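Participant: This is run.txt (compact mmCIF, C-alpha atoms).
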```txt
# COMPACT_ATOMS: atom_id res chain seq x y z
CA VAL A 28 16.97 32.82 -13.67
CA GLN A 29 17.49 29.35 -15.08
CA GLY A 30 17.23 26.01 -13.34
CA PHE A 31 20.43 24.00 -13.12
CA LEU A 32 20.38 20.23 -13.59
CA SER A 33 23.32 18.07 -12.62
CA GLY A 34 22.68 15.27 -15.08
CA ARG A 35 20.34 12.31 -15.02
CA ARG A 36 20.27 8.55 -14.77
CA MET A 37 17.84 5.95 -16.05
CA SER A 38 16.31 3.05 -14.20
CA PHE A 39 13.87 0.49 -15.44
CA LEU A 40 10.89 2.15 -13.77
CA LYS A 41 11.66 5.88 -13.80
CA SER A 42 13.84 8.57 -15.25
CA CYS A 43 15.36 10.88 -12.67
CA MET A 44 17.67 13.84 -12.17
CA TRP A 45 18.97 16.10 -9.40
CA SER A 46 17.95 19.73 -9.65
CA HIS A 47 20.06 22.40 -7.92
CA ALA A 48 17.76 25.31 -8.75
CA MET A 49 14.64 25.74 -10.82
CA THR A 50 12.11 28.46 -11.57
CA VAL A 51 8.50 27.77 -10.69
CA GLN A 52 7.59 27.96 -14.38
CA ASP A 53 10.24 25.32 -15.15
CA TYR A 54 8.66 22.98 -12.65
CA GLN A 55 5.11 23.79 -13.75
CA ASP A 56 6.06 22.75 -17.28
CA LEU A 57 7.80 19.61 -16.01
CA ILE A 58 4.87 18.36 -13.92
CA ASP A 59 2.68 18.97 -16.96
CA ARG A 60 4.88 16.37 -18.65
CA GLY A 61 4.52 13.83 -15.84
CA TRP A 62 7.48 14.79 -13.61
CA ARG A 63 7.33 15.09 -9.81
CA ARG A 64 9.82 16.06 -7.15
CA SER A 65 10.94 14.63 -3.80
CA GLY A 66 13.20 17.24 -2.27
CA LYS A 67 15.60 18.15 -5.07
CA TYR A 68 15.21 14.73 -6.67
CA VAL A 69 12.99 15.06 -9.77
CA TYR A 70 11.61 11.92 -11.39
CA LYS A 71 9.25 10.68 -14.10
CA PRO A 72 7.82 7.13 -14.26
CA VAL A 73 8.54 5.08 -17.37
CA MET A 74 4.84 4.55 -17.88
CA ASN A 75 4.80 1.78 -20.46
CA LYS A 76 7.29 -0.37 -18.52
CA THR A 77 6.38 -0.06 -14.86
CA CYS A 78 3.90 -2.54 -13.40
CA CYS A 79 1.78 0.22 -11.85
CA PRO A 80 1.59 3.21 -14.23
CA GLN A 81 1.30 6.53 -12.38
CA TYR A 82 -0.80 9.18 -14.10
CA THR A 83 -0.49 12.82 -13.08
CA ILE A 84 -3.86 13.99 -11.75
CA ARG A 85 -5.24 17.47 -11.21
CA CYS A 86 -8.52 18.74 -9.76
CA HIS A 87 -10.42 21.74 -11.11
CA ALA A 88 -10.43 23.53 -7.77
CA LEU A 89 -12.92 26.23 -8.77
CA ASP A 90 -15.57 23.66 -9.75
CA PHE A 91 -14.95 21.24 -6.87
CA GLN A 92 -17.90 20.23 -4.70
CA PRO A 93 -17.31 17.99 -1.67
CA SER A 94 -18.79 14.50 -1.91
CA LYS A 95 -20.76 12.84 0.89
CA THR A 96 -17.55 11.20 2.09
CA HIS A 97 -15.73 14.54 2.10
CA LYS A 98 -18.58 16.16 4.04
CA LYS A 99 -18.39 13.38 6.63
CA ILE A 100 -14.69 14.05 7.10
CA LEU A 101 -15.21 17.79 7.49
CA LYS A 102 -18.02 17.22 9.99
CA LYS A 103 -15.94 14.64 11.83
CA VAL A 104 -13.10 17.10 12.37
CA LYS A 105 -15.54 19.79 13.50
CA LYS A 106 -17.14 17.34 15.94
CA PHE A 107 -13.72 16.53 17.36
CA LEU A 108 -12.87 20.21 17.74
CA SER A 109 -16.24 21.04 19.28
CA LYS A 110 -16.71 18.11 21.65
CA GLY A 111 -13.33 16.41 21.81
CA GLU A 112 -14.79 13.12 20.57
CA MET A 113 -12.17 11.05 18.79
CA PRO A 114 -13.70 8.74 16.13
CA VAL A 115 -13.11 5.00 16.37
CA GLY A 116 -10.72 3.27 13.95
CA GLN A 117 -7.82 4.35 11.78
CA CYS A 118 -8.26 4.97 8.11
CA ASP A 119 -7.88 7.62 5.47
CA GLY A 120 -8.19 8.16 1.75
CA GLY A 121 -11.95 8.56 1.78
CA CYS A 122 -12.79 6.27 4.70
CA ASP A 123 -14.49 8.14 7.51
CA GLY A 124 -13.10 5.88 10.24
CA GLU A 125 -16.01 5.97 12.67
CA PHE A 126 -19.34 4.40 13.41
CA ILE A 127 -22.20 6.89 13.66
CA ILE A 128 -25.40 6.19 15.59
CA GLN A 129 -28.18 8.54 14.55
CA ILE A 130 -30.45 9.55 17.44
CA SER A 131 -33.77 11.22 16.78
CA HIS A 132 -34.89 14.03 19.07
CA ASN A 133 -38.47 13.83 17.78
CA PHE A 134 -40.07 11.08 19.89
CA SER A 135 -43.00 10.74 17.50
CA ARG A 136 -40.59 9.08 15.07
CA PRO A 137 -38.66 5.86 15.55
CA PRO A 138 -34.92 6.31 16.24
CA CYS A 139 -32.07 5.57 13.83
CA ARG A 140 -33.95 6.57 10.70
CA LYS A 141 -31.79 7.46 7.74
CA ALA A 142 -31.94 10.97 6.32
CA LYS A 143 -32.70 9.68 2.82
CA ASP A 144 -35.74 7.79 4.17
CA LEU A 145 -37.01 10.95 5.82
CA ARG A 146 -36.55 12.93 2.61
CA LYS A 147 -38.42 10.27 0.64
CA GLU A 148 -41.27 10.32 3.14
CA ARG A 149 -41.54 14.12 2.91
CA ARG A 150 -41.64 13.96 -0.89
CA LEU A 151 -44.47 11.41 -0.75
CA GLN A 152 -46.37 13.58 1.70
CA LYS A 153 -46.01 16.63 -0.55
CA GLU A 154 -47.11 14.65 -3.59
CA GLN A 155 -50.16 13.37 -1.71
CA GLN A 156 -51.03 16.92 -0.59
CA ARG A 157 -50.60 18.18 -4.16
CA ARG A 158 -53.12 15.62 -5.47
CA GLN A 159 -55.61 16.51 -2.75
CA ASP A 160 -55.35 20.21 -3.63
CA GLY A 161 -56.03 19.58 -7.31
CA GLY A 162 -52.45 19.57 -8.42
CA THR A 163 -51.37 22.71 -6.57
CA LEU A 164 -49.48 22.62 -3.32
CA THR A 165 -50.66 25.57 -1.21
CA SER A 166 -49.68 26.95 2.15
CA PRO A 167 -51.51 29.46 4.33
CA ASN A 168 -48.20 31.28 4.88
CA PRO A 169 -46.12 30.73 1.74
CA THR A 170 -42.39 31.16 2.25
CA PRO A 171 -40.53 32.87 -0.59
CA LEU A 172 -37.92 30.72 -2.22
CA ASN A 173 -34.33 31.54 -1.41
CA PRO A 174 -32.14 30.65 -4.42
CA ALA A 175 -29.03 30.58 -2.22
CA SER A 176 -30.54 27.88 0.03
CA SER A 177 -30.77 25.46 -2.89
CA GLN A 178 -27.06 25.78 -3.70
CA PRO A 179 -24.80 22.97 -2.45
CA LYS A 180 -22.63 23.88 0.50
CA THR A 181 -19.05 24.69 -0.49
CA VAL A 182 -15.95 23.30 1.19
CA GLU A 183 -15.23 26.81 2.50
CA GLU A 184 -18.63 26.94 4.19
CA PHE A 185 -17.94 23.63 5.92
CA ILE A 186 -14.51 24.83 7.07
CA ALA A 187 -15.81 28.24 8.15
CA ASP A 188 -18.66 26.80 10.26
CA SER A 189 -18.09 28.51 13.58
CA LEU A 190 -17.24 26.44 16.61
CA PRO A 191 -19.16 26.93 19.88
CA ASP A 192 -17.63 29.20 22.50
CA ASP A 193 -16.98 26.18 24.69
CA ALA A 194 -15.23 24.17 21.95
CA VAL A 195 -12.76 21.71 23.42
CA HIS A 196 -10.04 22.28 20.78
CA ARG A 197 -8.75 25.05 18.55
CA LEU A 198 -7.20 24.37 15.13
CA GLU A 199 -5.03 26.89 13.27
CA VAL A 200 -3.47 26.38 9.83
CA ARG A 201 -0.25 28.32 9.27
CA LEU A 202 1.58 28.68 5.95
CA VAL A 203 5.37 28.92 6.31
CA ARG A 204 7.92 29.09 3.54
CA SER A 205 10.25 26.08 3.69
CA SER A 206 12.73 27.07 0.98
CA PRO A 207 14.47 29.34 1.69
CA PRO A 208 13.39 28.68 5.28
CA SER A 209 11.46 31.52 6.89
CA PRO A 210 11.99 32.45 10.56
CA GLN A 211 8.65 30.79 11.39
CA PHE A 212 9.78 27.60 9.64
CA LYS A 213 13.07 27.56 11.55
CA ALA A 214 11.34 28.16 14.88
CA SER A 215 8.99 25.20 14.36
CA PHE A 216 11.46 22.88 12.63
CA ASP A 217 12.12 20.54 15.55
CA ALA A 218 8.44 20.16 16.43
CA SER A 219 7.62 19.46 12.79
CA TYR A 220 10.41 16.89 12.50
CA GLN A 221 9.26 15.03 15.62
CA VAL A 222 5.77 14.62 14.14
CA TYR A 223 7.32 13.34 10.89
CA LYS A 224 9.43 10.82 12.82
CA LEU A 225 6.40 9.48 14.72
CA TYR A 226 4.41 9.29 11.49
CA GLN A 227 7.06 7.31 9.61
CA MET A 228 7.49 4.87 12.48
CA ALA A 229 3.77 4.30 13.12
CA ILE A 230 2.27 4.53 9.64
CA HIS A 231 5.13 3.27 7.45
CA HIS A 232 6.80 1.09 10.10
CA ASP A 233 10.22 2.68 9.71
CA PRO A 234 12.84 1.68 12.30
CA PRO A 235 13.58 4.48 14.81
CA ASP A 236 16.90 5.40 13.18
CA LYS A 237 15.58 5.71 9.61
CA PRO A 238 13.52 8.92 9.80
CA SER A 239 16.61 10.98 10.62
CA GLU A 240 16.71 14.76 10.68
CA SER A 241 18.92 14.84 7.58
CA GLN A 242 16.51 12.57 5.71
CA PHE A 243 13.61 14.79 6.75
CA LYS A 244 15.40 17.89 5.47
CA ARG A 245 16.42 16.22 2.22
CA PHE A 246 13.00 14.71 1.54
CA LEU A 247 10.55 17.39 2.70
CA CYS A 248 12.40 20.65 3.36
CA ASP A 249 14.96 21.01 0.57
CA SER A 250 13.54 22.24 -2.73
CA PRO A 251 15.01 23.35 -6.05
CA LEU A 252 12.22 25.91 -6.50
CA GLU A 253 13.29 29.50 -6.21
CA ALA A 254 11.07 31.85 -4.22
CA GLU A 255 9.38 34.26 -6.61
CA THR A 256 6.82 37.04 -6.52
CA SER A 257 4.81 38.52 -9.36
CA PRO A 258 2.49 41.54 -9.69
CA ASP A 259 -0.32 39.23 -10.79
CA GLY A 260 0.69 36.40 -8.44
CA PRO A 261 -0.51 35.47 -4.95
CA ASP A 262 0.50 37.64 -2.00
CA VAL A 263 2.48 34.78 -0.42
CA GLY A 264 4.52 34.35 -3.60
CA TYR A 265 5.49 31.18 -5.43
CA GLY A 266 7.73 28.35 -4.28
CA SER A 267 7.80 25.62 -1.63
CA PHE A 268 5.87 25.81 1.63
CA HIS A 269 4.67 23.82 4.63
CA GLN A 270 1.07 24.16 5.78
CA GLN A 271 1.20 23.43 9.49
CA TYR A 272 -1.87 22.29 11.41
CA TRP A 273 -1.62 23.58 14.98
CA LEU A 274 -4.00 21.98 17.48
CA ASP A 275 -4.13 23.78 20.83
CA GLY A 276 -0.67 25.23 20.24
CA ARG A 277 1.16 22.15 18.93
CA ILE A 278 1.76 20.78 15.44
CA VAL A 279 -0.31 17.69 14.64
CA ALA A 280 0.02 17.60 10.83
CA VAL A 281 2.01 19.18 8.02
CA GLY A 282 1.12 19.44 4.33
CA VAL A 283 4.13 19.97 2.06
CA ILE A 284 3.06 21.97 -1.00
CA ASP A 285 4.42 23.91 -3.97
CA ILE A 286 2.68 27.06 -5.16
CA LEU A 287 3.20 27.29 -8.92
CA PRO A 288 1.91 29.61 -11.68
CA SER A 289 -1.11 27.42 -12.48
CA CYS A 290 -1.61 25.27 -9.42
CA VAL A 291 -1.03 24.24 -5.85
CA SER A 292 0.87 20.97 -6.02
CA SER A 293 0.65 18.53 -3.09
CA VAL A 294 4.03 16.97 -2.29
CA TYR A 295 3.43 15.06 0.96
CA LEU A 296 1.31 14.98 4.10
CA TYR A 297 2.34 13.63 7.49
CA TYR A 298 0.55 13.75 10.84
CA HIS A 299 0.80 12.67 14.44
CA PRO A 300 -0.38 9.03 14.60
CA ASP A 301 -2.60 9.79 17.61
CA PHE A 302 -4.91 11.61 15.18
CA ALA A 303 -4.97 9.01 12.40
CA SER A 304 -8.71 8.37 12.78
CA LEU A 305 -9.50 11.98 11.84
CA SER A 306 -8.66 11.19 8.19
CA LEU A 307 -6.18 14.07 8.11
CA GLY A 308 -4.89 13.05 4.67
CA SER A 309 -8.29 13.71 3.12
CA TYR A 310 -8.99 16.67 5.39
CA SER A 311 -5.73 18.37 4.37
CA ALA A 312 -6.53 17.80 0.68
CA LEU A 313 -9.86 19.58 1.17
CA ARG A 314 -8.11 22.43 2.96
CA GLU A 315 -5.55 22.65 0.12
CA ILE A 316 -8.33 22.79 -2.48
CA SER A 317 -9.89 25.63 -0.52
CA PHE A 318 -6.47 27.31 -0.31
CA THR A 319 -6.10 27.02 -4.10
CA ARG A 320 -9.44 28.77 -4.57
CA GLN A 321 -8.30 31.49 -2.20
CA LEU A 322 -5.08 32.04 -4.18
CA GLN A 323 -7.00 32.09 -7.47
CA LYS A 324 -8.79 35.25 -6.35
CA GLN A 325 -5.37 36.95 -6.36
CA SER A 326 -3.89 35.10 -9.35
CA PRO A 327 -6.49 34.13 -12.00
CA LYS A 328 -4.25 31.52 -13.70
CA LEU A 329 -3.80 29.57 -10.48
CA SER A 330 -6.89 27.38 -10.59
CA TYR A 331 -5.79 23.73 -10.29
CA TYR A 332 -4.90 21.44 -7.41
CA TYR A 333 -2.42 18.67 -8.29
CA LEU A 334 -2.70 15.54 -6.16
CA GLY A 335 0.43 13.81 -7.41
CA PHE A 336 -0.07 10.47 -9.15
CA TYR A 337 -3.24 8.47 -9.73
CA ILE A 338 -2.69 4.70 -9.89
CA HIS A 339 -5.78 2.97 -11.21
CA SER A 340 -4.18 -0.48 -10.98
CA CYS A 341 -3.89 0.02 -7.19
CA PRO A 342 -7.42 0.17 -5.68
CA LYS A 343 -6.18 1.95 -2.55
CA MET A 344 -4.89 4.83 -4.70
CA ARG A 345 -8.12 5.40 -6.61
CA TYR A 346 -9.46 7.72 -3.90
CA LYS A 347 -7.70 10.63 -5.63
CA GLY A 348 -10.22 10.33 -8.44
CA GLN A 349 -12.98 11.31 -5.97
CA TYR A 350 -11.84 14.94 -5.99
CA THR A 351 -13.93 15.93 -8.98
CA PRO A 352 -13.92 17.30 -11.57
CA SER A 353 -10.44 16.04 -12.31
CA ASP A 354 -8.19 15.22 -15.27
CA LEU A 355 -5.46 12.70 -16.00
CA LEU A 356 -2.41 13.53 -18.10
CA CYS A 357 -2.02 11.49 -21.30
CA PRO A 358 1.45 9.88 -21.10
CA GLU A 359 2.03 10.22 -24.85
CA THR A 360 0.60 13.59 -25.89
CA TYR A 361 0.64 15.36 -22.49
CA VAL A 362 -2.92 16.55 -22.98
CA TRP A 363 -5.31 16.59 -20.02
CA MET A 364 -8.31 14.27 -20.29
CA PRO A 365 -11.38 14.12 -18.00
CA ILE A 366 -10.92 11.17 -15.66
CA GLU A 367 -14.36 9.71 -16.38
CA ARG A 368 -13.34 9.25 -20.02
CA CYS A 369 -10.06 7.62 -18.98
CA ILE A 370 -11.46 5.01 -16.58
CA PRO A 371 -12.83 2.63 -19.29
CA ARG A 372 -9.40 2.52 -20.95
CA LEU A 373 -7.64 1.91 -17.62
CA GLU A 374 -10.08 -0.88 -16.77
CA THR A 375 -8.89 -2.64 -19.92
CA SER A 376 -5.17 -1.97 -19.56
CA ALA A 377 -3.01 -0.59 -16.74
CA TYR A 378 -1.12 1.50 -19.29
CA ALA A 379 -3.12 3.42 -21.85
CA ARG A 380 -2.80 6.35 -24.19
CA LEU A 381 -5.55 8.55 -22.80
CA ASN A 382 -5.89 11.01 -25.67
CA GLU A 383 -8.76 9.83 -27.85
CA ASP A 384 -7.39 11.61 -30.93
CA ALA A 385 -5.26 8.99 -32.66
CA GLN A 386 -3.58 11.66 -34.80
CA ALA A 387 -2.56 13.89 -31.89
CA GLY A 388 1.09 14.13 -30.92
CA ASP A 389 3.30 15.81 -28.35
CA ALA A 390 3.13 19.55 -29.09
CA ARG A 391 6.39 20.13 -27.21
CA ALA A 392 8.29 17.16 -28.56
CA LEU A 393 12.02 17.56 -29.11
CA LYS A 394 12.64 19.05 -32.56
CA ASP A 395 16.15 20.49 -32.39
CA LEU A 396 18.65 18.87 -30.03
CA GLY A 397 21.26 21.47 -30.88
CA ARG A 398 19.26 24.20 -29.11
CA THR A 399 19.25 22.33 -25.79
CA LEU A 400 21.02 24.50 -23.23
CA VAL A 401 23.93 23.09 -21.24
CA LEU A 402 26.18 24.46 -18.53
CA HIS A 403 29.81 23.57 -19.26
CA ARG A 404 32.73 25.02 -17.31
CA ARG A 405 30.51 27.73 -15.87
CA THR A 406 29.45 28.80 -19.36
CA VAL A 407 25.94 28.55 -20.80
CA MET A 408 25.85 27.35 -24.40
CA PRO A 409 23.60 25.43 -26.80
CA TYR A 410 24.35 21.75 -27.10
CA ALA A 411 25.48 22.19 -30.71
CA ALA A 412 28.33 24.46 -29.58
CA TYR A 413 29.19 22.21 -26.65
CA ALA A 414 29.29 19.11 -28.87
CA ARG A 415 31.89 20.76 -31.12
CA LYS A 416 34.13 21.51 -28.12
CA ARG A 417 33.67 18.21 -26.32
CA LYS A 418 36.51 15.75 -26.26
CA GLY A 419 36.07 12.05 -25.74
CA PRO A 420 33.03 9.80 -26.36
CA SER A 421 29.85 11.45 -27.58
CA ASP A 422 27.10 11.98 -25.02
CA GLU A 423 24.49 12.80 -27.67
CA ARG A 424 22.30 9.80 -26.88
CA GLU A 425 22.10 10.66 -23.17
CA VAL A 426 21.39 14.35 -23.81
CA GLU A 427 18.75 13.43 -26.39
CA GLN A 428 17.00 11.18 -23.86
CA TYR A 429 16.95 14.02 -21.35
CA ALA A 430 15.72 16.61 -23.87
CA SER A 431 12.98 14.28 -25.13
CA LEU A 432 11.70 13.74 -21.60
CA VAL A 433 11.60 17.43 -20.62
CA GLY A 434 10.42 18.59 -24.06
CA GLN A 435 11.73 21.25 -26.43
CA THR A 436 10.46 24.21 -24.38
CA CYS A 437 12.18 23.14 -21.15
CA ALA A 438 15.28 21.92 -22.99
CA GLU A 439 15.81 25.46 -24.29
CA ARG A 440 15.33 27.03 -20.86
CA ILE A 441 16.73 24.63 -18.25
CA LEU A 442 20.49 24.14 -18.07
CA LEU A 443 21.81 20.59 -18.21
CA TYR A 444 25.13 20.31 -16.40
CA ARG A 445 27.92 18.76 -18.44
CA ALA A 446 31.32 18.04 -16.86
```
Will you turn the file into C-alpha cells for me?
Facilitator:
Amino acid sequence: VQGFLSGRRMSFLKSCMWSHAMTVQDYQDLIDRGWRRSGKYVYKPVMNKTCCPQYTIRCHALDFQPSKTHKKILKKVKKFLSKGEMPVGQCDGGCDGEFIIQISHNFSRPPCRKAKDLRKERRLQKEQQRRQDGGTLTSPNPTPLNPASSQPKTVEEFIADSLPDDAVHRLEVRLVRSSPPSPQFKASFDASYQVYKLYQMAIHHDPPDKPSESQFKRFLCDSPLEAETSPDGPDVGYGSFHQQYWLDGRIVAVGVIDILPSCVSSVYLYYHPDFASLSLGSYSALREISFTRQLQKQSPKLSYYYLGFYIHSCPKMRYKGQYTPSDLLCPETYVWMPIERCIPRLETSAYARLNEDAQAGDARALKDLGRTLVLHRRTVMPYAAYARKRKGPSDEREVEQYASLVGQTCAERILLYRA
C-alpha cells in the first residue's frame, strides 16, 4: 500500500507536506533523510538556512547505559512511588529537580559524606592492607567473585526494582494504538486530552482556548502511518501509539510514539503539571529506550530510539546527546555519524556537513525524475507519463524539489498528488 501526498509548500526554514496515508517503511526512510511528522504534517528543516539547524538524532538502544543523571531520575520516581515524597523544584531534560541530603546511619562516620569520598577511602585502605601483606590482599574468608555484580545496572533493572508492599503510589504504563484508535484509546481520550490541555497552559503558557480538542487530535492523535503487522515484527505491530502513564488509576503523562521497522520514534511527551518536578520527560525517554529493547527481542532490526531533533546551537536542547551511544544524521549525505565526532564541527559552526568523507555523496539522490510516482485523476503513473498529459504551466521544478528532498527510493514508492 502506497502513501499518498497531497503536495508540498516551501518556507524559508522548512520544507513541508501533508500526508494522507503512508506505510511505516515510507516514514522510516523519510526520517532517515531528516523528515519528522506532527500529526499528518510532515516537515524537514532547511538546514543551511535556518538559524538553529536541527539534526536528526538516534540512540543505540541496545548499548545504552543510564548516566548518573538518568539514575537519579529513575531513583527519584521510585522514591516518589514508594514514599510519596515529591521532589522540590520544576525542571527536566537531565535536571533532577531536587535537593538531596545524605544521612549516614553509621554513627562512627560523620554525616553527609559523599559516596565517591567513601569509595576513595576504601581503596586507600585496601592499598595500605596490600602493602602490609607483602603485596597480596588476603582475607580469612575469601568471597568468590561474582562477574554479574561488576556489571553496570541496566535501565530495566532500575525500572523493575520492586516497590515495598506499603508503597504509597502505583504506576502502570499502558500502550494503546492511537491510529486507527483502539477501544482503549477511545475510552481514555477525554482524560488524556485534559492532561494535554493543562500541560500546554502551564508549561507552554497557552491561553485556555488554544489547546482545543480538535488541535489535540490533529497534532497528537491523527497519523498518516498505516497499522501494519509482520511475521518478524513486534507483537503490537507497527504504527502510531500513545504510551499512557497511569498513576493510581489516572493518567498523569502520555508519550506519543511511532513504532517503525528499525526504531521507536518519539513524537511528543506531555504530562500533568503537578508532576513536573519528577522529570517525566527524561523518565519517559528512559522507559521508551527500555521499550525499544523489549521490541528488539521480537524484531531484530528494531534497535534504535529516535529522539527527534538535536539542536547544538540551543544549550537547553543538548540534553538529547546524553542518551549515549548516539548518532547524528549528516544533512548532506544522510549517513549516521557518532555524536562525539560531530560536536567539534558544531562548536565551530551551527550548520556543518557531518560526514568526514569529503568524497561521499547522497546514495539515494534523485537520478531519474521521470520515475517519480504521481497520483493524477485517481490514476497512478510515473511523472514522465503525467508530464506528457499535463496541460498548462509545467510543474517540473516543484516536483523535482519534492523528489530531491525525499530521495529516489521514496520518490518511486510514495505517490505525489497532482490536481
Participant: Can you list, as a list in words, every protein, DNA or RNA residue that comes within 8 Å of segment 184-188 of chain A when you count only C-alpha atoms, leaving out same-chain residues fewer than 4 positions away?
Facilitator: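 Result of the neighbour search: Lys98, Leu101, Lys102, Lys180 and Arg314 of chain A.
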Participant: Which is closer to Gly264 of chain A than all the others in A:Pro251, A:Pro288, A:Pro371, A:Pro327, using only C-alpha atoms?
Facilitator: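 Closest to Gly264 of chain A of all the choices is A:Pro288.
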Participant: Could you tell me which of A:Asp56, A:Glu359, A:Glu367, A:Glu423 comes closest to Ala387 of chain A if we count all atoms listed in the file?
Facilitator: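 Among the listed residues, the smallest separation from Ala387 of chain A belongs to A:Glu359.
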Participant: Excluding same-chain residues fewer than 6 positions from Val294 of chain A, what lies within 9 Å of it counting all atoms listed in the file, as a compact mmCIF listing (two decimals) with C-alpha atoms, in the coordinates of the input?
Facilitator:
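The result, stored in around.txt:
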```txt
# COMPACT_ATOMS: atom_id res chain seq x y z
CA ARG A 63 7.33 15.09 -9.81
CA ARG A 64 9.82 16.06 -7.15
CA SER A 65 10.94 14.63 -3.80
CA LEU A 247 10.55 17.39 2.70
CA GLY A 282 1.12 19.44 4.33
CA VAL A 283 4.13 19.97 2.06
CA ILE A 284 3.06 21.97 -1.00
CA ASP A 285 4.42 23.91 -3.97
CA TYR A 333 -2.42 18.67 -8.29
CA LEU A 334 -2.70 15.54 -6.16
CA GLY A 335 0.43 13.81 -7.41
```
Participant: Determine, counting all atoms listed in the file, which protein, DNA and RNA residues have an atom within 12 Å of an atom of Arg391 of chain A; residues of the same chain fewer than 3 positions away are not included. Present the result as a PyMOL selection string.
Facilitator: chain A and resi 56-57+59-60+359-362+387-388+394-395+430-439
Participant: Between A:Cys43, A:Ile230, A:Met344, A:Leu89, which one has atoms that come closest to Gln321 of chain A, using only C-alpha atoms?
Facilitator: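 Checking each candidate against Gln321 of chain A, we get A:Leu89 as the closest.
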Participant: Between atom CA of Ile441 of chain A and atom CA of Lys244 of chain A, measure the distance and give it in Å to one decimal.
Facilitator: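 According to the coordinates, atom CA of Ile441 of chain A and atom CA of Lys244 of chain A are separated by 24.7 Å.
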Participant: Skip Lys105 of chain A itself and residues of its chain fewer than 4 positions away, then list as a list of chain:residue names all residues within 12 Å of it, counting all atoms listed in the file.
Facilitator: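 Once the adjacent positions are removed, what remains is A:Lys98, A:Lys99, A:Ile100, A:Leu101, A:Ser109, A:Lys110, A:Gly111, A:Glu112, A:Met113, A:Pro114, A:Phe185, A:Ile186, A:Ala187, A:Asp188, A:Ser189, A:Leu190, A:Pro191, A:Ala194, A:Val195, A:His196, A:Arg197, A:Leu198, A:Leu305, A:Tyr310.
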Participant: Counting only C-alpha atoms, note down every residue that has an atom within 10 Å of the point (18.3, 14.9, -21.5) (file coordinates), as a PDB file with C-alpha atoms, in the coordinates of the input.
Facilitator:
```pdb
ATOM      1  CA  LEU A  32      20.380  20.230 -13.590  1.00  0.00           C
ATOM      2  CA  GLY A  34      22.680  15.270 -15.080  1.00  0.00           C
ATOM      3  CA  ARG A  35      20.340  12.310 -15.020  1.00  0.00           C
ATOM      4  CA  ARG A  36      20.270   8.550 -14.770  1.00  0.00           C
ATOM      5  CA  SER A  42      13.840   8.570 -15.250  1.00  0.00           C
ATOM      6  CA  MET A  44      17.670  13.840 -12.170  1.00  0.00           C
ATOM      7  CA  LEU A 396      18.650  18.870 -30.030  1.00  0.00           C
ATOM      8  CA  THR A 399      19.250  22.330 -25.790  1.00  0.00           C
ATOM      9  CA  VAL A 401      23.930  23.090 -21.240  1.00  0.00           C
ATOM     10  CA  ASP A 422      27.100  11.980 -25.020  1.00  0.00           C
ATOM     11  CA  GLU A 423      24.490  12.800 -27.670  1.00  0.00           C
ATOM     12  CA  ARG A 424      22.300   9.800 -26.880  1.00  0.00           C
ATOM     13  CA  GLU A 425      22.100  10.660 -23.170  1.00  0.00           C
ATOM     14  CA  VAL A 426      21.390  14.350 -23.810  1.00  0.00           C
ATOM     15  CA  GLU A 427      18.750  13.430 -26.390  1.00  0.00           C
ATOM     16  CA  GLN A 428      17.000  11.180 -23.860  1.00  0.00           C
ATOM     17  CA  TYR A 429      16.950  14.020 -21.350  1.00  0.00           C
ATOM     18  CA  ALA A 430      15.720  16.610 -23.870  1.00  0.00           C
ATOM     19  CA  SER A 431      12.980  14.280 -25.130  1.00  0.00           C
ATOM     20  CA  LEU A 432      11.700  13.740 -21.600  1.00  0.00           C
ATOM     21  CA  VAL A 433      11.600  17.430 -20.620  1.00  0.00           C
ATOM     22  CA  GLY A 434      10.420  18.590 -24.060  1.00  0.00           C
ATOM     23  CA  ALA A 438      15.280  21.920 -22.990  1.00  0.00           C
ATOM     24  CA  LEU A 443      21.810  20.590 -18.210  1.00  0.00           C
TER      25      LEU A 443
END
```
Participant: Here is a test: counting all atoms listed in the file, which residue of A:Gly266, A:Pro258, A:Gly276, A:Pro179 is nearest to Ala218 of chain A?
Facilitator: A:Gly276
Participant: Using all atoms listed in the file, pick whichever of A:Gly260, A:Arg405, A:Phe212, A:Val115 has the shortest atom-to-atom distance to Lys103 of chain A.
Facilitator: A:Val115
Participant: Work out how far apart atom CA of Lys237 of chain A and atom CA of Arg201 of chain A are and give it in Å to one decimal.
Facilitator: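 Distance between the two atoms: 27.6 Å.
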Participant: Which value, in Å to one decimal, gives the distance between atom CA of Tyr298 of chain A and atom CA of Leu108 of chain A?
Facilitator: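 So the two atoms, atom CA of Tyr298 of chain A and atom CA of Leu108 of chain A, lie 16.4 Å apart.
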Participant: Which one is closest to Arg417 of chain A: A:Tyr220, A:Arg404, A:Tyr70, A:Gln325? Count only C-alpha atoms.
Facilitator: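 Ranking A:Tyr220, A:Arg404, A:Tyr70, A:Gln325 by distance to Arg417 of chain A, first place goes to A:Arg404.
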Participant: Because the input lacks atoms here, generate N, CA and C atoms for segment 93-99 of chain A and report them as a short mmCIF file (atom, residue, chain, number, x, y, z; two decimals), keeping the file's coordinate frame.
Facilitator:
```
data_model
loop_
_atom_site.label_atom_id
_atom_site.label_comp_id
_atom_site.auth_asym_id
_atom_site.auth_seq_id
_atom_site.Cartn_x
_atom_site.Cartn_y
_atom_site.Cartn_z
N PRO A 93 -17.61 19.14 -2.53
CA PRO A 93 -17.31 17.99 -1.67
C PRO A 93 -18.35 16.89 -1.81
N SER A 94 -17.90 15.66 -1.84
CA SER A 94 -18.79 14.50 -1.91
C SER A 94 -19.34 14.21 -0.51
N LYS A 95 -20.22 13.23 -0.42
CA LYS A 95 -20.76 12.84 0.89
C LYS A 95 -19.64 12.39 1.82
N THR A 96 -18.67 11.66 1.28
CA THR A 96 -17.55 11.20 2.09
C THR A 96 -16.73 12.39 2.59
N HIS A 97 -16.48 13.35 1.70
CA HIS A 97 -15.73 14.54 2.10
C HIS A 97 -16.47 15.32 3.18
N LYS A 98 -17.79 15.44 3.04
CA LYS A 98 -18.58 16.16 4.04
C LYS A 98 -18.50 15.46 5.39
N LYS A 99 -18.51 14.13 5.38
CA LYS A 99 -18.39 13.38 6.63
C LYS A 99 -17.07 13.69 7.33
#
```
